[in-house]
>>> print(open('structure04.txt').read())   # compact mmCIF, C-alpha atoms
# COMPACT_ATOMS: atom_id res chain seq x y z
CA MET A 1 -22.41 -24.80 -6.55
CA PRO A 2 -23.66 -23.64 -3.16
CA GLY A 3 -21.28 -21.31 -1.41
CA LEU A 4 -19.21 -20.66 -4.50
CA TYR A 5 -19.54 -17.57 -6.63
CA ARG A 6 -17.69 -16.03 -9.55
CA ASP A 7 -17.31 -12.41 -10.42
CA GLU A 8 -14.84 -9.91 -11.75
CA GLY A 9 -13.39 -7.13 -9.65
CA VAL A 10 -10.61 -4.69 -8.89
CA VAL A 11 -8.33 -5.38 -5.91
CA LEU A 12 -8.55 -2.34 -3.62
CA ARG A 13 -6.17 -3.31 -0.86
CA THR A 14 -4.49 -6.23 0.82
CA ILE A 15 -3.62 -6.84 4.47
CA LYS A 16 -1.15 -9.43 5.70
CA LEU A 17 -2.73 -12.28 7.63
CA GLY A 18 -0.77 -14.85 9.63
CA GLU A 19 2.34 -16.45 8.17
CA ALA A 20 1.67 -16.35 4.44
CA ASP A 21 -1.96 -15.28 3.84
CA ARG A 22 -3.55 -12.00 2.94
CA ILE A 23 -7.01 -10.52 3.28
CA VAL A 24 -7.87 -8.94 -0.05
CA THR A 25 -10.56 -6.32 -0.47
CA VAL A 26 -12.06 -6.44 -3.95
CA LEU A 27 -14.67 -4.20 -5.53
CA THR A 28 -16.63 -6.70 -7.63
CA GLN A 29 -19.04 -5.98 -10.42
CA GLY A 30 -21.93 -8.03 -9.11
CA HIS A 31 -21.31 -8.55 -5.40
CA GLY A 32 -20.20 -5.11 -4.25
CA LYS A 33 -17.19 -4.90 -1.98
CA VAL A 34 -15.92 -8.31 -0.95
CA ARG A 35 -13.31 -9.18 1.66
CA ALA A 36 -11.71 -12.57 1.19
CA VAL A 37 -8.77 -14.57 2.49
CA ALA A 38 -6.18 -15.53 -0.09
CA LYS A 39 -4.32 -18.44 1.45
CA GLY A 40 -0.59 -18.83 1.00
CA VAL A 41 -0.52 -15.85 -1.33
CA ARG A 42 2.72 -14.45 0.11
CA LYS A 43 4.69 -17.60 -0.68
CA THR A 44 6.68 -17.56 -3.91
CA SER A 45 4.97 -20.81 -4.89
CA SER A 46 1.48 -19.23 -4.68
CA ARG A 47 -0.71 -19.78 -7.73
CA PHE A 48 -2.24 -16.33 -7.57
CA GLY A 49 0.28 -14.20 -5.69
CA GLY A 50 0.89 -11.60 -8.38
CA ARG A 51 -2.75 -11.52 -9.43
CA LEU A 52 -4.10 -10.27 -6.14
CA GLU A 53 -2.11 -7.06 -5.93
CA PRO A 54 -3.97 -3.73 -5.64
CA MET A 55 -5.13 -2.24 -8.96
CA SER A 56 -5.36 -5.61 -10.72
CA ARG A 57 -8.67 -6.31 -12.43
CA ILE A 58 -9.31 -9.98 -11.95
CA ALA A 59 -11.82 -12.73 -12.55
CA LEU A 60 -12.19 -14.47 -9.24
CA GLN A 61 -13.96 -17.38 -7.67
CA CYS A 62 -14.63 -17.28 -3.97
CA TYR A 63 -16.16 -19.55 -1.39
CA ARG A 64 -18.63 -17.75 0.81
CA GLY A 65 -17.59 -17.62 4.45
CA ARG A 66 -19.29 -16.34 7.59
CA GLU A 67 -17.25 -13.15 7.86
CA LEU A 68 -14.58 -13.46 5.20
CA ASP A 69 -14.84 -15.35 1.94
CA ILE A 70 -12.02 -17.53 0.65
CA VAL A 71 -10.41 -16.96 -2.74
CA THR A 72 -10.30 -20.25 -4.60
CA GLN A 73 -9.31 -19.00 -8.06
CA ALA A 74 -8.08 -15.75 -9.60
CA GLU A 75 -7.15 -14.81 -13.12
CA THR A 76 -5.86 -11.49 -14.39
CA LEU A 77 -8.07 -9.51 -16.74
CA GLU A 78 -6.04 -6.29 -16.61
CA ALA A 79 -2.82 -6.10 -14.59
CA ASN A 80 -2.48 -2.29 -14.89
CA ARG A 81 1.27 -2.83 -14.86
CA VAL A 82 2.10 0.68 -15.98
CA LEU A 83 0.47 2.05 -12.82
CA ARG A 84 2.58 -0.19 -10.62
CA GLU A 85 5.83 0.59 -12.35
CA GLU A 86 5.80 4.38 -12.26
CA TYR A 87 5.94 6.08 -8.89
CA GLY A 88 3.98 9.16 -9.98
CA LEU A 89 1.14 7.06 -11.36
CA LEU A 90 1.10 4.66 -8.43
CA THR A 91 0.73 7.49 -5.92
CA HIS A 92 -2.21 8.81 -7.96
CA ALA A 93 -3.89 5.42 -8.40
CA ILE A 94 -3.85 4.29 -4.76
CA PRO A 95 -5.96 7.24 -3.45
CA MET A 96 -8.71 6.28 -5.91
CA LEU A 97 -8.69 2.74 -4.49
CA GLU A 98 -8.75 4.08 -0.93
CA ALA A 99 -11.67 6.39 -1.68
CA VAL A 100 -13.63 3.54 -3.28
CA ASP A 101 -12.84 1.28 -0.31
CA GLN A 102 -14.38 3.91 1.97
CA VAL A 103 -17.44 4.51 -0.14
CA ALA A 104 -18.35 1.00 -1.35
CA GLN A 105 -20.58 -1.16 0.82
CA GLU A 106 -19.92 -4.85 1.36
CA HIS A 107 -22.10 -7.16 -0.74
CA GLU A 108 -24.01 -4.26 -2.26
CA PRO A 109 -23.45 -4.19 -6.01
CA ASN A 110 -22.66 -0.80 -7.48
CA PRO A 111 -21.99 -1.32 -11.21
CA ALA A 112 -21.63 2.41 -11.89
CA LEU A 113 -18.88 2.73 -9.28
CA TYR A 114 -17.15 -0.34 -10.68
CA ARG A 115 -17.27 1.04 -14.23
CA MET A 116 -15.97 4.38 -13.04
CA LEU A 117 -13.03 2.85 -11.17
CA THR A 118 -11.95 0.54 -13.99
CA GLY A 119 -12.28 3.43 -16.45
CA ALA A 120 -10.27 5.79 -14.27
CA LEU A 121 -7.44 3.29 -13.73
CA ARG A 122 -7.30 2.66 -17.48
CA ALA A 123 -7.35 6.40 -18.23
CA LEU A 124 -4.58 7.09 -15.70
CA GLY A 125 -2.40 4.42 -17.30
CA GLU A 126 -3.06 5.58 -20.85
CA LEU A 127 -3.04 9.35 -20.41
CA ARG A 128 -0.48 9.46 -17.55
CA ASN A 129 -2.29 12.55 -16.40
CA PRO A 130 -2.65 13.13 -12.63
CA VAL A 131 -5.84 15.13 -13.25
CA VAL A 132 -7.60 11.77 -13.66
CA THR A 133 -7.44 11.32 -9.87
CA SER A 134 -9.03 14.66 -9.02
CA ALA A 135 -11.69 14.16 -11.70
CA PHE A 136 -12.35 10.75 -10.18
CA PHE A 137 -12.83 12.25 -6.71
CA TRP A 138 -15.38 14.79 -7.94
CA LYS A 139 -17.21 12.26 -10.10
CA LEU A 140 -17.27 9.85 -7.15
CA LEU A 141 -18.94 12.49 -4.99
CA SER A 142 -21.41 13.15 -7.75
CA LEU A 143 -22.18 9.44 -8.00
CA GLU A 144 -22.70 9.38 -4.23
CA GLY A 145 -25.36 12.05 -4.66
CA ILE A 146 -23.22 15.00 -3.61
CA HIS A 147 -22.98 16.91 -6.85
CA PRO A 148 -21.49 20.28 -5.89
CA MET A 149 -23.36 23.50 -6.64
CA LEU A 150 -21.06 25.55 -8.90
CA ASP A 151 -23.33 28.09 -10.57
CA GLY A 152 -24.33 30.16 -7.60
CA CYS A 153 -23.82 30.69 -3.90
CA ALA A 154 -24.69 27.52 -1.99
CA ARG A 155 -25.47 29.57 1.14
CA CYS A 156 -27.50 32.59 0.06
CA GLY A 157 -28.69 31.31 -3.30
CA HIS A 158 -27.34 34.25 -5.32
CA GLU A 159 -26.77 33.13 -8.88
CA GLU A 160 -23.72 34.02 -10.88
CA GLY A 161 -24.37 37.27 -12.69
CA ASP A 162 -26.30 38.80 -9.79
CA ASP A 163 -24.70 41.80 -8.10
CA ASP A 164 -21.98 40.91 -5.62
CA ALA A 165 -22.31 37.24 -6.52
CA GLU A 166 -18.74 36.60 -7.60
CA LEU A 167 -17.98 33.05 -6.52
CA ILE A 168 -14.68 32.97 -4.67
CA ALA A 169 -14.84 30.09 -2.21
CA PHE A 170 -16.05 26.54 -1.72
CA ASP A 171 -17.82 25.33 1.40
CA LEU A 172 -17.74 21.62 2.17
CA ASP A 173 -20.73 21.72 4.52
CA GLU A 174 -22.89 23.63 2.05
CA GLY A 175 -21.60 21.47 -0.81
CA GLY A 176 -20.90 24.27 -3.22
CA THR A 177 -19.39 27.63 -4.05
CA LEU A 178 -19.81 30.76 -1.93
CA CYS A 179 -20.21 34.36 -3.06
CA ARG A 180 -17.92 37.11 -1.80
CA GLY A 181 -20.36 38.11 0.94
CA CYS A 182 -20.89 34.58 2.30
CA ALA A 183 -17.21 33.63 1.94
CA ARG A 184 -16.40 36.03 4.79
CA GLY A 185 -17.88 33.42 7.11
CA GLY A 186 -15.45 30.68 6.01
CA GLY A 187 -14.89 28.21 3.18
CA TRP A 188 -11.88 27.28 1.08
CA SER A 189 -10.76 29.94 -1.36
CA LEU A 190 -11.36 29.00 -4.97
CA SER A 191 -9.79 30.80 -7.94
CA PHE A 192 -11.75 31.38 -11.13
CA PRO A 193 -9.54 29.03 -13.23
CA ALA A 194 -10.09 26.29 -10.62
CA LEU A 195 -13.85 26.87 -10.65
CA ASP A 196 -13.84 26.76 -14.43
CA LEU A 197 -11.85 23.51 -14.40
CA LEU A 198 -14.26 21.99 -11.90
CA ARG A 199 -17.27 23.01 -13.99
CA ARG A 200 -15.77 21.42 -17.11
CA MET A 201 -14.84 18.28 -15.16
CA LEU A 202 -18.38 17.75 -13.95
CA GLY A 203 -20.11 19.22 -16.97
CA GLY A 204 -19.13 16.66 -19.61
CA GLY A 205 -15.89 18.33 -20.69
CA LEU A 206 -13.55 15.70 -19.27
CA ASN A 207 -11.66 15.01 -22.51
CA GLY A 208 -10.88 18.72 -22.85
CA VAL A 209 -9.70 18.82 -19.24
CA PHE A 210 -7.31 15.92 -19.85
CA ALA A 211 -5.99 17.54 -23.01
CA GLN A 212 -5.03 20.83 -21.38
CA PRO A 213 -1.66 21.32 -19.63
CA THR A 214 -1.68 21.21 -15.84
CA GLY A 215 -1.39 24.44 -13.87
CA PRO A 216 -1.87 25.78 -10.34
CA GLU A 217 -5.64 25.37 -10.71
CA THR A 218 -5.14 21.60 -11.21
CA HIS A 219 -3.50 21.36 -7.81
CA GLU A 220 -6.22 23.52 -6.29
CA VAL A 221 -8.97 21.29 -7.64
CA GLU A 222 -7.10 18.17 -6.52
CA GLN A 223 -6.66 19.43 -2.96
CA LEU A 224 -10.28 20.55 -2.75
CA GLY A 225 -11.39 17.17 -4.15
CA ILE A 226 -9.41 15.36 -1.44
CA ARG A 227 -10.99 17.52 1.26
CA ALA A 228 -14.46 17.02 -0.19
CA VAL A 229 -14.08 13.21 -0.25
CA GLU A 230 -12.63 13.22 3.26
CA HIS A 231 -15.54 15.37 4.40
CA HIS A 232 -17.97 12.89 2.86
CA VAL A 233 -16.41 9.70 4.24
CA GLU A 234 -15.62 11.42 7.56
CA ARG A 235 -12.04 10.22 7.72
CA ARG A 236 -8.66 11.11 6.26
CA LEU A 237 -7.49 9.54 3.02
CA ARG A 238 -4.05 8.45 4.18
CA SER A 239 -2.66 7.70 0.75
CA THR A 240 -3.12 11.30 -0.41
CA ALA A 241 -0.13 12.27 1.75
CA LEU A 242 2.13 11.01 -1.06
CA LEU A 243 0.44 12.99 -3.83
CA MET B 244 -14.45 -13.53 30.58
CA ASN B 245 -11.39 -14.45 32.64
CA VAL B 246 -11.62 -18.10 33.69
CA TYR B 247 -8.26 -18.38 35.40
CA GLU B 248 -6.99 -16.40 38.32
CA GLY B 249 -3.84 -14.53 39.18
CA VAL B 250 -0.58 -15.32 37.45
CA MET B 251 -2.05 -17.95 35.14
CA GLN B 252 -4.47 -15.44 33.63
CA THR B 253 -1.67 -12.86 33.40
CA LEU B 254 0.47 -15.38 31.50
CA ILE B 255 -2.39 -16.20 29.10
CA ASP B 256 -3.11 -12.50 28.57
CA GLU B 257 0.55 -11.72 27.84
CA LEU B 258 0.91 -14.64 25.42
CA GLY B 259 -2.32 -13.59 23.75
CA ARG B 260 -0.76 -10.24 22.90
CA LEU B 261 1.83 -11.89 20.66
CA PRO B 262 1.20 -11.67 16.88
CA GLY B 263 -0.80 -14.60 15.52
CA ILE B 264 -1.60 -15.99 18.97
CA GLY B 265 -5.29 -16.10 19.79
CA PRO B 266 -6.83 -16.80 23.22
CA LYS B 267 -6.98 -20.57 22.59
CA SER B 268 -3.35 -20.79 21.49
CA ALA B 269 -2.31 -18.59 24.42
CA GLN B 270 -4.03 -20.98 26.79
CA ARG B 271 -2.37 -24.00 25.14
CA ILE B 272 1.10 -22.45 25.35
CA ALA B 273 0.54 -21.40 28.97
CA PHE B 274 -0.36 -24.95 29.97
CA TYR B 275 2.63 -26.28 28.03
CA LEU B 276 4.90 -23.89 29.92
CA LEU B 277 3.46 -25.08 33.24
CA LYS B 278 4.17 -28.67 32.31
CA VAL B 279 7.77 -28.27 31.08
CA ASP B 280 10.78 -28.44 33.33
CA ALA B 281 11.22 -25.26 35.41
CA LEU B 282 14.70 -24.80 33.95
CA ASP B 283 13.37 -24.82 30.37
CA ALA B 284 10.77 -22.19 31.21
CA LYS B 285 13.38 -20.04 32.96
CA ARG B 286 15.70 -20.37 29.97
CA LEU B 287 12.93 -19.03 27.72
CA ALA B 288 12.23 -16.15 30.09
CA HIS B 289 15.95 -15.39 30.29
CA ALA B 290 16.31 -15.49 26.47
CA ILE B 291 13.50 -12.94 26.08
CA GLU B 292 15.00 -10.71 28.73
CA GLU B 293 18.50 -10.93 27.25
CA ALA B 294 17.24 -10.22 23.74
CA LYS B 295 15.31 -7.17 24.91
CA ASP B 296 18.32 -5.89 26.87
CA ARG B 297 21.06 -6.53 24.34
CA VAL B 298 19.62 -6.48 20.85
CA THR B 299 19.54 -3.08 19.24
CA TRP B 300 19.80 -1.58 15.73
CA CYS B 301 23.13 -1.49 13.94
CA ARG B 302 24.27 2.14 13.79
CA ARG B 303 25.26 1.78 10.14
CA CYS B 304 22.80 -0.53 8.38
CA PHE B 305 19.89 -0.81 10.89
CA ASN B 306 20.00 -4.57 10.98
CA ILE B 307 19.56 -6.09 14.44
CA SER B 308 22.79 -6.09 16.36
CA GLU B 309 24.19 -6.80 19.80
CA GLY B 310 26.80 -4.08 19.54
CA GLU B 311 27.13 -0.76 17.73
CA LEU B 312 27.66 -2.59 14.45
CA CYS B 313 26.13 -5.85 13.24
CA ALA B 314 28.13 -8.88 12.08
CA PHE B 315 27.72 -7.93 8.39
CA CYS B 316 29.08 -4.43 8.95
CA LEU B 317 32.00 -5.74 11.00
CA ASP B 318 33.00 -8.36 8.41
CA GLU B 319 36.03 -6.87 6.64
CA ARG B 320 35.93 -9.39 3.79
CA ARG B 321 32.73 -7.85 2.43
CA ASP B 322 32.64 -5.48 -0.53
CA ASP B 323 32.14 -1.95 0.81
CA HIS B 324 31.07 -0.50 -2.52
CA VAL B 325 27.90 -2.53 -3.08
CA VAL B 326 24.86 -2.17 -0.82
CA CYS B 327 21.76 -4.34 -0.88
CA VAL B 328 18.69 -2.46 0.37
CA VAL B 329 16.07 -4.62 2.09
CA GLU B 330 12.84 -3.91 3.99
CA GLU B 331 13.39 -5.97 7.14
CA PRO B 332 16.29 -7.73 8.93
CA ARG B 333 14.59 -11.04 8.03
CA ASP B 334 15.24 -10.27 4.35
CA ILE B 335 19.00 -10.23 4.99
CA VAL B 336 18.76 -13.85 6.08
CA ALA B 337 16.96 -14.73 2.84
CA VAL B 338 19.61 -12.99 0.71
CA GLU B 339 22.45 -14.53 2.74
CA ARG B 340 21.05 -18.02 2.21
CA THR B 341 21.64 -17.62 -1.54
CA GLY B 342 25.39 -17.27 -0.94
CA GLU B 343 25.46 -14.97 -4.00
CA PHE B 344 26.01 -11.63 -2.32
CA ARG B 345 29.15 -10.44 -0.55
CA GLY B 346 28.44 -6.72 -0.19
CA ARG B 347 26.92 -4.69 2.62
CA TYR B 348 23.27 -4.26 3.59
CA HIS B 349 20.91 -1.45 4.47
CA VAL B 350 17.63 -2.17 6.25
CA LEU B 351 14.85 0.36 5.61
CA GLN B 352 12.74 -1.02 8.47
CA GLY B 353 9.59 -1.02 6.37
CA ALA B 354 8.32 0.00 2.95
CA ILE B 355 6.41 2.94 1.53
CA SER B 356 2.74 2.11 1.91
CA PRO B 357 0.48 4.82 0.53
CA ILE B 358 -2.66 3.14 1.87
CA GLU B 359 -1.22 2.82 5.39
CA GLY B 360 0.11 6.37 5.21
CA VAL B 361 3.74 5.21 5.54
CA GLY B 362 5.96 7.64 3.67
CA PRO B 363 9.71 7.71 3.00
CA GLU B 364 10.29 9.89 6.06
CA GLN B 365 9.27 6.98 8.31
CA LEU B 366 11.94 4.74 6.77
CA ARG B 367 15.75 4.75 7.03
CA VAL B 368 16.11 6.55 3.71
CA LYS B 369 18.02 9.60 4.98
CA GLU B 370 20.55 7.26 6.59
CA LEU B 371 21.01 5.39 3.29
CA LEU B 372 21.63 8.63 1.42
CA ALA B 373 24.20 9.65 4.04
CA ARG B 374 26.08 6.36 3.64
CA ILE B 375 26.66 6.78 -0.11
CA PRO B 376 29.37 9.46 -0.09
CA GLU B 377 30.70 8.37 3.30
CA GLU B 378 31.37 4.79 2.22
CA GLU B 379 32.02 5.51 -1.47
CA ILE B 380 29.19 3.21 -2.53
CA SER B 381 29.06 2.59 -6.29
CA GLU B 382 26.10 0.22 -6.61
CA VAL B 383 22.81 -0.01 -4.76
CA ILE B 384 20.74 -3.17 -5.20
CA LEU B 385 17.06 -2.61 -4.42
CA ALA B 386 15.85 -5.87 -2.90
CA THR B 387 12.47 -4.77 -1.56
CA ASN B 388 9.51 -7.15 -1.88
CA PRO B 389 7.93 -7.47 -5.34
CA ASN B 390 4.54 -6.19 -4.14
CA ILE B 391 2.96 -2.74 -4.40
CA GLU B 392 4.71 -1.40 -1.29
CA GLY B 393 8.09 -2.83 -2.23
CA GLU B 394 7.82 -1.60 -5.82
CA ALA B 395 6.81 1.88 -4.66
CA THR B 396 9.81 1.97 -2.34
CA ALA B 397 12.18 0.76 -5.06
CA MET B 398 10.87 3.35 -7.54
CA TYR B 399 11.17 6.12 -4.99
CA LEU B 400 14.74 5.17 -4.07
CA ALA B 401 15.77 4.81 -7.72
CA ARG B 402 14.54 8.36 -8.38
CA LEU B 403 16.59 9.63 -5.45
CA LEU B 404 19.75 7.65 -6.10
CA LYS B 405 20.15 7.76 -9.88
CA PRO B 406 20.98 11.48 -10.10
CA ALA B 407 23.94 10.80 -7.77
CA GLY B 408 25.57 8.85 -10.62
CA LEU B 409 25.29 5.48 -8.91
CA LYS B 410 24.52 2.16 -10.48
CA VAL B 411 21.03 1.37 -9.19
CA THR B 412 19.74 -2.16 -9.81
CA ARG B 413 16.53 -3.95 -8.92
CA ILE B 414 16.42 -7.67 -8.12
CA ALA B 415 14.80 -9.62 -10.97
CA SER B 416 11.27 -10.99 -10.88
CA GLY B 417 10.62 -14.35 -12.41
CA LEU B 418 9.49 -17.91 -12.04
CA PRO B 419 10.35 -19.95 -8.96
CA VAL B 420 12.70 -22.83 -9.68
CA GLY B 421 10.72 -26.06 -9.81
CA GLY B 422 7.45 -24.31 -10.68
CA ASP B 423 5.20 -24.94 -13.69
CA LEU B 424 4.98 -22.26 -16.38
CA GLU B 425 1.23 -22.79 -16.82
CA TYR B 426 0.53 -21.73 -13.23
CA ALA B 427 2.61 -18.55 -13.38
CA ASP B 428 0.64 -15.34 -13.11
CA GLU B 429 0.75 -12.92 -16.02
CA VAL B 430 2.72 -10.19 -14.28
CA THR B 431 5.48 -12.53 -13.09
CA LEU B 432 5.68 -14.32 -16.44
CA GLY B 433 5.70 -10.99 -18.27
CA ARG B 434 8.61 -9.79 -16.16
CA ALA B 435 10.42 -13.10 -16.57
CA LEU B 436 10.16 -12.68 -20.35
CA GLU B 437 11.34 -9.09 -20.14
CA GLY B 438 14.34 -10.10 -18.06
CA ARG B 439 15.27 -13.11 -20.21
CA ARG B 440 18.93 -13.70 -20.93
CA GLU B 441 20.91 -15.37 -23.63
CA VAL B 442 21.83 -18.97 -22.95
CA SER B 443 25.59 -19.39 -23.07
>>> encode(input="structure04.txt", output="structure tokens")
Amino acid sequence: MPGLYRDEGVVLRTIKLGEADRIVTVLTQGHGKVRAVAKGVRKTSSRFGGRLEPMSRIALQCYRGRELDIVTQAETLEANRVLREEYGLLTHAIPMLEAVDQVAQEHEPNPALYRMLTGALRALGELRNPVVTSAFFWKLLSLEGIHPMLDGCARCGHEEGDDDAELIAFDLDEGGTLCRGCARGGGWSLSFPALDLLRRMLGGGLNGVFAQPTGPETHEVEQLGIRAVEHHVERRLRSTALL
Amino acid sequence: MNVYEGVMQTLIDELGRLPGIGPKSAQRIAFYLLKVDALDAKRLAHAIEEAKDRVTWCRRCFNISEGELCAFCLDERRDDHVVCVVEEPRDIVAVERTGEFRGRYHVLQGAISPIEGVGPEQLRVKELLARIPEEEISEVILATNPNIEGEATAMYLARLLKPAGLKVTRIASGLPVGGDLEYADEVTLGRALEGRREVS
């Protein structure tokens, strides 16, 4: 039918609109980021009230509008209930949604991003491991084409193993690690365990990362990941304040 | 572009600043106000002025109040040991309409919203914690909205309150009376099943 389309997607955020409506932002598989009005969704009698909450993976049907589409049907595919019902998991899931909301473009399909988000939400619920969020941030940057340089100095090009090339900092502008000499000019300090964790995260060793117990380096990588995403999207990720 | 001049445009502009009122609605209301009896318009202006001058927050529960304490805090027939925690003063009205609750209230004046950057420190959480020993509260009912923000707030408060040895309860989620089961969403129906009770 003209004007109508169906897709599946993950609800990224909702904003109250008028008396009982909401604007829902959904990352869809085939239509990119979509913003649509869900009418009457705040009323207890709403047919899809509980389905259009952030983190839900839904099958939806929308009517194309000029600026905002209109949700005409929604069905739950994956409610991700465990993420909503545990404070620690919720505060780690929402920053992923916020980062995706910042990165995704409206009506530009990005199946890889969609797969990564659904996978990360599922992994967070199953593993209950907060490292999923930091791994997601770094993988997101990599997907955006900003794969950090971790094997040498991003400023002077010294490779690890060269004299005086111990990597001790990370520079967001350079997009990689800095050697001792270049780190004098700035950058965020980076311990060796954190660098090692980051390398394994981005080098295909994600399962091993999730299996290991969390330590100070986990927090270090998480904080650096937040800063790197914020640097990329050029705004603060507000939801990370509750991490 | 401003079509009207002077006070008329000022009135339209001011009305247009109200939530949910667009320029067209503002214009319609402004013309309505011009048409109504002068006394009616003055009564409205007076009501707004009075409300702004006299309505404040209750010192104890942060509901709206015309004095230091609101009507619910002043009512001596209410149970002092049970407190129902809600997000907004409007929610008190909803709970009161049920006629099922005779305890006290505490208004948080919002909910934790990670995506909006609203944390517990922006809510009346500290004040709630202070009330517990002071008023010998034994049960706290968490009646925040059943959405992400409300759930996050309830979970956060439960984590804070439970170690104090209190009974912390959450209002149930379930199907609206008069609704059809087939239209219920999976989360609501799942919770309704979880919270089922034996029929006596």
>>> residues_around(input="structure04.txt", residues="region 92-95 of chain A", least_positions_apart="6", cutoff="10 Å", atoms="all atoms listed in the file", output="VMD selection string")
(chain A and resid 12 to 13 54 to 55 83 to 84 101 117 120 to 121 124 to 125 128 to 134 136 to 137 226 237 to 243) or (chain B and resid 356 to 358 391)
>>> residues_around(input="structure04.txt", residues="Asp256 (chain B)", least_positions_apart="4", cutoff="9 Å", atoms="only C-alpha atoms", output="short mmCIF file (atom, residue, chain, number, x, y, z; two decimals) with C-alpha atoms, in the frame of the given file")
data_model
loop_
_atom_site.label_atom_id
_atom_site.label_comp_id
_atom_site.auth_asym_id
_atom_site.auth_seq_id
_atom_site.Cartn_x
_atom_site.Cartn_y
_atom_site.Cartn_z
CA MET B 251 -2.05 -17.95 35.14
CA GLN B 252 -4.47 -15.44 33.63
CA ARG B 260 -0.76 -10.24 22.90
CA PRO B 266 -6.83 -16.80 23.22
CA ALA B 269 -2.31 -18.59 24.42
CA GLN B 270 -4.03 -20.98 26.79
#
>>> interface_residues(input="structure04.txt", of="chain B", to="chain A", cutoff="9 Å", atoms="only C-alpha atoms", output="ChimeraX atom specification")
/B:262-263,356-362,389-391,394-396,398-399,402,418-419,422,426-431
>>> closest_residue(input="structure04.txt", among="A:Thr218, A:Thr25, A:Gln73, A:Gln105", to="Leu198 (chain A)", atoms="all atoms listed in the file")
A:Thr218
>>> residues_around(input="structure04.txt", residues="His147 (chain A)", least_positions_apart="4", cutoff="8 Å", atoms="all atoms listed in the file", output="list of chain:residue names")
A:Trp138, A:Leu141, A:Ser142, A:Leu143, A:Gly175
>>> atom_distance(input="structure04.txt", atom1="CA of Glu331 (chain B)", atom2="CA of Leu89 (chain A)")
25.7 Å
>>> atom_distance(input="structure04.txt", atom1="CA of Lys139 (chain A)", atom2="CA of Ala112 (chain A)")
10.9 Å
>>> atom_distance(input="structure04.txt", atom1="CA of His289 (chain B)", atom2="CA of Gly249 (chain B)")
21.7 Å
>>> residues_near_point(input="structure04.txt", point="(19.3, -2.4, 17.3)", cutoff="9 Å", atoms="all atoms listed in the file", output="list in words")
Arg297, Val298, Thr299, Trp300, Cys301, Arg302, Phe305, Asn306, Ile307, Ser308, Glu309, Gly310, Glu311, Leu312 and Cys313 of chain B
>>> closest_residue(input="structure04.txt", among="A:Val11, A:Leu202, A:Cys182, A:Ala59", to="Gly157 (chain A)", atoms="only C-alpha atoms")
A:Cys182
>>> residues_around(input="structure04.txt", residues="Ala415 (chain B)", least_positions_apart="4", cutoff="12 Å", atoms="only C-alpha atoms", output="PDB file with C-alpha atoms, keeping the file's coordinate frame")
ATOM      1  CA  ILE B 384      20.740  -3.170  -5.200  1.00  0.00           C
ATOM      2  CA  LEU B 385      17.060  -2.610  -4.420  1.00  0.00           C
ATOM      3  CA  ALA B 386      15.850  -5.870  -2.900  1.00  0.00           C
ATOM      4  CA  THR B 387      12.470  -4.770  -1.560  1.00  0.00           C
ATOM      5  CA  ASN B 388       9.510  -7.150  -1.880  1.00  0.00           C
ATOM      6  CA  PRO B 389       7.930  -7.470  -5.340  1.00  0.00           C
ATOM      7  CA  GLU B 394       7.820  -1.600  -5.820  1.00  0.00           C
ATOM      8  CA  PRO B 419      10.350 -19.950  -8.960  1.00  0.00           C
ATOM      9  CA  THR B 431       5.480 -12.530 -13.090  1.00  0.00           C
ATOM     10  CA  LEU B 432       5.680 -14.320 -16.440  1.00  0.00           C
ATOM     11  CA  GLY B 433       5.700 -10.990 -18.270  1.00  0.00           C
ATOM     12  CA  ARG B 434       8.610  -9.790 -16.160  1.00  0.00           C
ATOM     13  CA  ALA B 435      10.420 -13.100 -16.570  1.00  0.00           C
ATOM     14  CA  LEU B 436      10.160 -12.680 -20.350  1.00  0.00           C
ATOM     15  CA  GLU B 437      11.340  -9.090 -20.140  1.00  0.00           C
ATOM     16  CA  GLY B 438      14.340 -10.100 -18.060  1.00  0.00           C
ATOM     17  CA  ARG B 439      15.270 -13.110 -20.210  1.00  0.00           C
ATOM     18  CA  ARG B 440      18.930 -13.700 -20.930  1.00  0.00           C
TER      19      ARG B 440
END
>>> closest_residue(input="structure04.txt", among="A:Pro193, A:Ile168, A:Gly9, A:Ala211", to="Arg35 (chain A)", atoms="all atoms listed in the file")
A:Gly9
>>> closest_residue(input="structure04.txt", among="A:Met201, A:Val71, A:Val41, A:Ala228", to="Gly176 (chain A)", atoms="all atoms listed in the file")
A:Ala228
>>> closest_residue(input="structure04.txt", among="B:Arg271, B:Arg321, B:His349, B:Lys285", to="Leu366 (chain B)", atoms="only C-alpha atoms")
B:His349
>>> closest_residue(input="structure04.txt", among="A:Leu206, A:Ala99, A:Leu27, A:Ala169", to="His231 (chain A)", atoms="all atoms listed in the file")
A:Ala99
>>> residues_around(input="structure04.txt", residues="Arg180 (chain A)", least_positions_apart="2", cutoff="8 Å", atoms="all atoms listed in the file", output="CSV table (one decimal) with C-alpha atoms, keeping the file's coordinate frame")
chain,number,residue,atom,x,y,z
A,164,ASP,CA,-22.0,40.9,-5.6
A,165,ALA,CA,-22.3,37.2,-6.5
A,166,GLU,CA,-18.7,36.6,-7.6
A,167,LEU,CA,-18.0,33.0,-6.5
A,168,ILE,CA,-14.7,33.0,-4.7
A,169,ALA,CA,-14.8,30.1,-2.2
A,178,LEU,CA,-19.8,30.8,-1.9
A,182,CYS,CA,-20.9,34.6,2.3
A,183,ALA,CA,-17.2,33.6,1.9
A,184,ARG,CA,-16.4,36.0,4.8
